[in-house]
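Coordinates as given in upload_38.cif (mmCIF, C-alpha atoms):
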data_upload
loop_
_atom_site.label_atom_id
_atom_site.label_comp_id
_atom_site.auth_asym_id
_atom_site.auth_seq_id
_atom_site.Cartn_x
_atom_site.Cartn_y
_atom_site.Cartn_z
CA MET I 10 -23.00 -32.77 9.77
CA LYS I 11 -20.17 -32.14 7.32
CA ALA I 12 -20.79 -30.71 3.84
CA LYS I 13 -18.54 -30.11 0.85
CA LEU I 14 -17.58 -26.57 -0.14
CA THR I 15 -15.80 -25.30 -3.23
CA LEU I 16 -13.46 -22.34 -2.74
CA THR I 17 -11.49 -20.25 -5.20
CA ILE I 18 -8.08 -19.39 -3.76
CA GLU I 19 -4.78 -18.33 -5.30
CA LYS I 20 -2.75 -21.40 -6.26
CA ASN I 21 0.35 -20.36 -4.29
CA ILE I 22 -1.76 -19.90 -1.14
CA ILE I 23 -3.26 -23.37 -1.58
CA GLU I 24 0.20 -24.91 -1.91
CA LYS I 25 1.48 -23.13 1.20
CA ALA I 26 -1.67 -24.01 3.13
CA LYS I 27 -1.40 -27.70 2.21
CA GLU I 28 2.24 -27.71 3.31
CA PHE I 29 1.35 -25.95 6.56
CA ALA I 30 -1.50 -28.38 7.22
CA GLY I 31 0.74 -31.37 6.53
CA ASN I 32 3.47 -30.06 8.82
CA SER I 33 0.97 -29.52 11.62
CA GLY I 34 -0.60 -32.96 11.18
CA ARG I 35 -3.99 -31.59 10.14
CA SER I 36 -6.00 -31.52 6.95
CA LEU I 37 -6.55 -28.38 4.93
CA SER I 38 -10.28 -28.75 5.57
CA ASP I 39 -9.61 -28.79 9.32
CA LEU I 40 -7.46 -25.65 9.08
CA VAL I 41 -10.13 -23.76 7.12
CA GLU I 42 -12.89 -24.92 9.47
CA ARG I 43 -10.93 -23.88 12.58
CA PHE I 44 -10.06 -20.51 11.02
CA LEU I 45 -13.71 -19.82 10.18
CA GLU I 46 -14.84 -20.90 13.66
CA LYS I 47 -12.34 -18.47 15.21
CA GLU I 48 -13.37 -15.57 12.95
CA ILE I 49 -17.07 -16.17 13.61
CA ALA I 50 -16.52 -16.41 17.38
CA GLU I 51 -14.54 -13.14 17.39
CA ALA I 52 -17.24 -11.38 15.35
CA GLU I 53 -19.95 -12.66 17.70
CA MET I 54 -17.96 -11.45 20.72
CA GLN I 55 -17.57 -7.99 19.18
CA GLN I 56 -21.28 -7.82 18.38
CA ALA I 57 -22.19 -8.99 21.88
CA ASN I 58 -20.42 -5.92 23.31
CA ILE I 59 -22.38 -3.51 21.12
CA PRO I 60 -25.59 -1.95 22.48
CA GLU I 61 -28.76 -3.31 20.81
CA GLU I 62 -29.68 0.08 19.30
CA PHE I 63 -26.44 0.06 17.24
CA LYS I 64 -26.54 -3.55 16.01
CA GLY I 65 -28.97 -2.67 13.21
CA LEU I 66 -26.33 -0.41 11.68
CA PHE I 67 -24.04 -3.33 10.73
CA GLY I 68 -23.56 -3.53 6.98
CA SER I 69 -25.13 -0.11 6.33
CA VAL I 70 -21.79 1.50 5.48
CA SER I 71 -19.39 0.21 2.85
CA LEU I 72 -15.76 1.16 3.52
CA PRO I 73 -12.93 0.89 0.98
CA ALA I 74 -10.81 -2.26 1.29
CA ASP I 75 -7.63 -0.17 1.47
CA LEU I 76 -8.89 2.05 4.30
CA ASN I 77 -6.15 2.83 6.84
CA GLU I 78 -7.94 3.87 10.03
CA LYS I 79 -4.81 5.03 11.84
CA GLU I 80 -3.75 7.24 8.93
CA GLY I 81 -7.26 8.70 8.74
CA ILE I 82 -7.27 9.53 12.44
CA ARG I 83 -3.81 11.12 12.13
CA GLY I 84 -5.06 13.29 9.27
CA ILE I 85 -8.13 14.43 11.19
CA LEU I 86 -6.10 15.26 14.29
CA SER I 87 -3.50 17.06 12.20
CA GLU I 88 -6.16 19.24 10.55
CA LYS I 89 -7.80 19.91 13.89
CA HIS I 90 -4.59 21.11 15.53
CA GLN I 91 -3.50 23.26 12.59
CA LYS I 92 -6.51 25.54 12.98
#
Turn the structure described in the file into structure tokens.
Amino acid sequence: MKAKLTLTIEKNIIEKAKEFAGNSGRSLSDLVERFLEKEIAEAEMQQANIPEEFKGLFGSVSLPADLNEKEGIRGILSEKHQK
């Protein structure tokens, strides 16, 4: 069953998305739906590979949006090898 949804998105992104959808012969609604389906499927696959005892930890830690994991790991390794 289809339902309506209201989204708030930057105007320039909407314009580009509508153009992209038109060029690919699809509707913007179809693009958004397919994107969400893909993201949900990937998240479910990742969770399926996690042992049950760790699944309860999801959402318990809030990380900054600008977190750069690779840079963090480099910093930790650099500190470790300087000692």
*Pick from I:Pro60, I:Val41, I:Arg35, I:Glu28: nearest to Thr15 in chain I, with all atoms listed in the file counted?*
I:Val41
*asked:* What does the structure give for the distance between CA of Gly65 in chain I and CA of Glu46 in chain I, in Å to one decimal?
replied: 23.1 Å
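Distances from I:Asn32, I:Ala52, I:Leu16, I:Lys79 to Phe67 in chain I were compared using only C-alpha atoms, and the smallest one belongs to I:Ala52.
Once Ile23 in chain I and its same-chain neighbours fewer than 5 positions away are set aside, Leu16, Thr17, Ile18, Glu28, Phe29, Ala30, Leu37, Ser38, Leu40 and Val41 of chain I remain within 12 Å of it when counting all atoms listed in the file.
Of the listed residues I:Glu80, I:Ile85, I:Ser71, I:Lys13, the one whose atoms come nearest to Glu42 in chain I is I:Lys13, with distances taken using all atoms listed in the file.
From CA of Leu72 in chain I back to CA of Ala57 in chain I, the distance works out to 21.9 Å.
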